[in-house]
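Inspection log for the structure reproduced underneath, given as structure tokens.
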Amino acid sequence: MNLWFLKPEYRQRLSYHIALLGGVALLTSAAIGVADHLTRTDIAQRQLEDLKVTLQQVIPPQYFDNDLVRDTVTVNDDGDQPVMAYRARRSGQVQAVCYRVKAPGYGNTAMVIAIGVDRAGTLLGVRVVSHNETPGLGDKIELSKSNWILSFTGRSLSDPQPDKWAVKKDGGVFDQFTGATITPRAVVKAVKKGLGFFAEHRAELLDEAPTKTAQVAVSPAPNGSTRGD
Amino acid sequence: MTTTPHCGADPAVEPVPQPASGKEDYRGVFADGLWRNNVVFAQMLALCPLMAVTTTATNGLGMGVATTGVLLASNIAIAGCRDLISQEVRIPVFVLLIASLVSLADMAINAWLHELYKVLGLFIPLIVVNCSVLGRAEVFASKRAVLISAVDGLAMGLGYTLALILIGGCREILGSATLFAHASLLLGDGFAFLETTLIPNYKGFLLMLLPPGGFLVLGFLLAGKRAMERRWEQRAAARSKAETGGQQAPSTA
């Protein structure tokens, strides 16, 4: 190679440094842009599949015959961010809803929990979608590590009584883990909050509001990020 | 390779890479990466991601594999364009290259190896804070040919992986009395046999799972490595003494 700009004396020049740094920045940004373009649809597809898996974990199959991912409703919770709920319909009637609840985990890190509730307000399933808990300690809230999260199934706001909606250490009915109380406490609190949300917005969520205030969005795949934000 | 500075003496000392002359010393590069100049036990680099992920041996393995991939790619990329990169702006150029490689790996694995991403996804962005990648770019890849740099990246990555598994294993055994827990999530169901529970119903030793436990384990392992090397040195010295003594004996007789 006998490229004039590669000769050592050129490489000493300020203009070469600028051109090199600018060129590398341009090239790497271009590469990332291209990669983003190539992977965006695939990643969105994968996230949609993940979302579907999560939804099917918290709502048993006999509750719906529709496409859960596409039947959504956005409910404005006062003071909080609007909540996107997925409706499980059977023969057109909403049988259950699934939505995500955010909770502060250990050290105020973000934790996202998906909960499925049937018409009566009974929990069909709870799963932690994303969290930043200590591996080996707080991560027992994942189903792959422990069955703990299943202990919510079948519970409702009246079972156990509201004052018993806590971990055993706080006088409640839910187990805590060895060495980690804060994480399960946060999950219990978040699930309780989620049930409260259902009780408050029941009509809206179940699509039977007397006044049609519910804003039904039959949009294609919402941003179903399964990772923490 | 002429001489390699002994890392037992000063862990911060990097062996200065020899300029490419004739035959490359692949074995020496491998030995450097795995033992003599190990990223963790000799260079004491990349401790931040190490403390964060080594709560289990499986996590260590995941992080190690991801880092090895990025080290290999970055060493190849930087050795490939080492003639273009001028001394004055090399560090920002390296940082740009490494950061974009990590981003590319993150996106590609998310899109096309999604099952792996669910397990490794957590570790990939952490590689950006791994100073050993930049360290190898600066010390080795920017001065050597592509092939030997690739070998160096691989060896350093493997050495790092071994250190992660070792520390992760120690912390896991002491902290929760298991070894390679959830390995089947990372490696597939075929590797479920790796998962062992040493003491059932172990109460757990929380300290080992928190970052201070990582520092404790690292400290003990470092001390162990130093002691081992000192012993080898003494043994080698004694042997060479005996040999020279043996040679001298007949001449004086």
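Naming works like this for the structure tokens: A, B, ... for the chains as they're shown, residue 1 at the start of each chain, ligands 1 onward in shown order.
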TODO: List every residue of region 40-78 of chain A that DSSP, applied to the backbone of this structure, assigns to alpha helix (DSSP H), and report them as number ranges by chain.
DONE: A: 40-58
- [ ] Please determine the contact residues of chain A with respect to chain B at a cut-off of 9 Å, counting only C-alpha atoms, and supply them as a PyMOL selection string.
- [x] chain A and resi 6+8+11-12+16-18+20-21+24-25+28-29+31-32+35-36+38-46+134-137+144-145+178-179
Task: Nearby residues (only C-alpha atoms) at most 10 Å from region 220-235 of chain B, same-chain spacing under 3 positions excluded, as a PyMOL selection string - done: chain B and resi 6-9+35-36+40-42+44+163+166-167+170+215-217+238-241
For the selection just defined, write its residues with N, CA and C atoms to a file, as a CSV table (one decimal), in the first residue's frame.
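Okay, this is what ended up in part_11.csv:
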```
chain,number,residue,atom,x,y,z
B,6,HIS,N,8.1,-11.3,35.7
B,6,HIS,CA,7.3,-12.1,36.6
B,6,HIS,C,6.2,-11.4,37.3
B,7,CYS,N,5.0,-11.9,37.1
B,7,CYS,CA,3.8,-11.1,37.6
B,7,CYS,C,3.7,-11.2,39.1
B,8,GLY,N,4.3,-12.2,39.7
B,8,GLY,CA,4.2,-12.4,41.1
B,8,GLY,C,4.8,-11.2,41.8
B,9,ALA,N,5.8,-10.5,41.1
B,9,ALA,CA,6.4,-9.4,41.8
B,9,ALA,C,5.6,-8.2,41.8
B,35,TRP,N,-2.6,-17.5,32.7
B,35,TRP,CA,-2.0,-17.5,34.0
B,35,TRP,C,-1.1,-16.3,34.4
B,36,ARG,N,0.1,-16.2,33.6
B,36,ARG,CA,1.1,-15.3,34.0
B,36,ARG,C,0.6,-13.8,34.1
B,40,VAL,N,-7.6,-10.8,35.7
B,40,VAL,CA,-8.0,-10.6,37.1
B,40,VAL,C,-6.8,-10.8,38.1
B,41,PHE,N,-6.2,-11.9,38.0
B,41,PHE,CA,-5.2,-12.3,39.0
B,41,PHE,C,-3.8,-11.6,38.9
B,42,ALA,N,-3.5,-11.1,37.7
B,42,ALA,CA,-2.3,-10.4,37.6
B,42,ALA,C,-2.4,-8.9,37.2
B,44,MET,N,-5.2,-7.2,37.6
B,44,MET,CA,-6.2,-6.6,38.5
B,44,MET,C,-7.1,-5.7,37.7
B,163,ALA,N,-11.2,-17.0,35.6
B,163,ALA,CA,-11.2,-16.3,36.9
B,163,ALA,C,-12.7,-16.0,37.4
B,166,LEU,N,-14.1,-19.3,38.6
B,166,LEU,CA,-13.5,-19.6,39.9
B,166,LEU,C,-14.1,-18.8,41.1
B,167,ILE,N,-14.1,-17.5,40.9
B,167,ILE,CA,-14.6,-16.6,41.9
B,167,ILE,C,-16.1,-16.8,42.1
B,170,CYS,N,-16.6,-20.1,44.0
B,170,CYS,CA,-16.3,-20.0,45.5
B,170,CYS,C,-17.4,-19.2,46.2
B,215,PHE,N,-14.8,-9.3,47.1
B,215,PHE,CA,-13.5,-8.8,47.4
B,215,PHE,C,-12.7,-9.8,48.3
B,216,LEU,N,-13.4,-10.4,49.2
B,216,LEU,CA,-12.8,-11.4,50.1
B,216,LEU,C,-12.3,-12.6,49.3
B,217,VAL,N,-13.1,-13.1,48.5
B,217,VAL,CA,-12.8,-14.3,47.7
B,217,VAL,C,-11.6,-14.0,46.8
B,238,ALA,N,15.9,-24.1,43.8
B,238,ALA,CA,16.6,-25.2,44.5
B,238,ALA,C,17.1,-26.2,43.5
B,239,ARG,N,16.3,-26.5,42.4
B,239,ARG,CA,16.6,-27.5,41.4
B,239,ARG,C,17.9,-27.0,40.6
B,240,SER,N,17.8,-25.7,40.2
B,240,SER,CA,18.9,-25.2,39.4
B,240,SER,C,20.2,-25.2,40.2
B,241,LYS,N,20.0,-24.9,41.5
B,241,LYS,CA,21.2,-24.9,42.4
B,241,LYS,C,21.8,-26.3,42.5
```
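Between Trp148 (chain A) and the residues A:Asn132, A:Val187, A:Ala114, A:His37, the shortest atom-to-atom distance, using only C-alpha atoms, involves A:Val187.
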Task: Selection: 12 Å around region 67-82 of chain A, only C-alpha atoms, excl. self and same-chain fewer than 4 positions, as a PyMOL selection string - done: chain A and resi 45+47-61+63+86-90+92-102+116+193-194+196-207+213-224
With a distance cut-off of 12 Å and only C-alpha atoms, select the neighbouring residues of Asp159 (chain A), excluding the residue or stretch itself and same-chain residues fewer than 4 positions from it, and output the selection as a compact mmCIF listing (two decimals) with C-alpha atoms, in the first residue's frame.
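Generated file (out.txt):
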```
# COMPACT_ATOMS: atom_id res chain seq x y z
CA GLY A 121 -60.87 -9.58 40.86
CA THR A 122 -59.12 -12.87 41.59
CA LEU A 123 -55.49 -13.20 40.61
CA PHE A 152 -50.36 -15.19 44.60
CA THR A 153 -52.55 -17.23 42.27
CA GLY A 154 -56.15 -17.38 43.49
CA ARG A 155 -55.69 -14.49 45.89
CA ASP A 163 -54.07 -6.09 56.66
CA LYS A 164 -52.69 -9.57 55.93
CA TRP A 165 -51.44 -8.52 52.48
CA ALA A 166 -47.84 -8.52 53.62
CA GLY A 172 -48.96 -11.09 56.67
CA VAL A 173 -49.44 -14.42 54.93
CA PHE A 174 -46.73 -14.36 52.24
CA LYS A 192 -51.85 -5.38 46.20
CA LEU A 195 -55.52 -5.32 42.62
```
Task: Selection near Ala150 (chain B), 6 Å with only C-alpha atoms, sequence-local residues under 2 positions removed, as number ranges by chain - done: B: 72, 75-76, 147-148, 152-153
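With CA of Val128 (chain B) on one side and CA of Gly219 (chain B) on the other, the separation reads 24.6 Å.
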Open item on the list: Could you list, as a ChimeraX atom specification, every residue within 8 Å of Thr178 (chain B), counting only C-alpha atoms and ignoring same-chain residues fewer than 3 positions away?
Closed with: /B:172-173,181,195-199
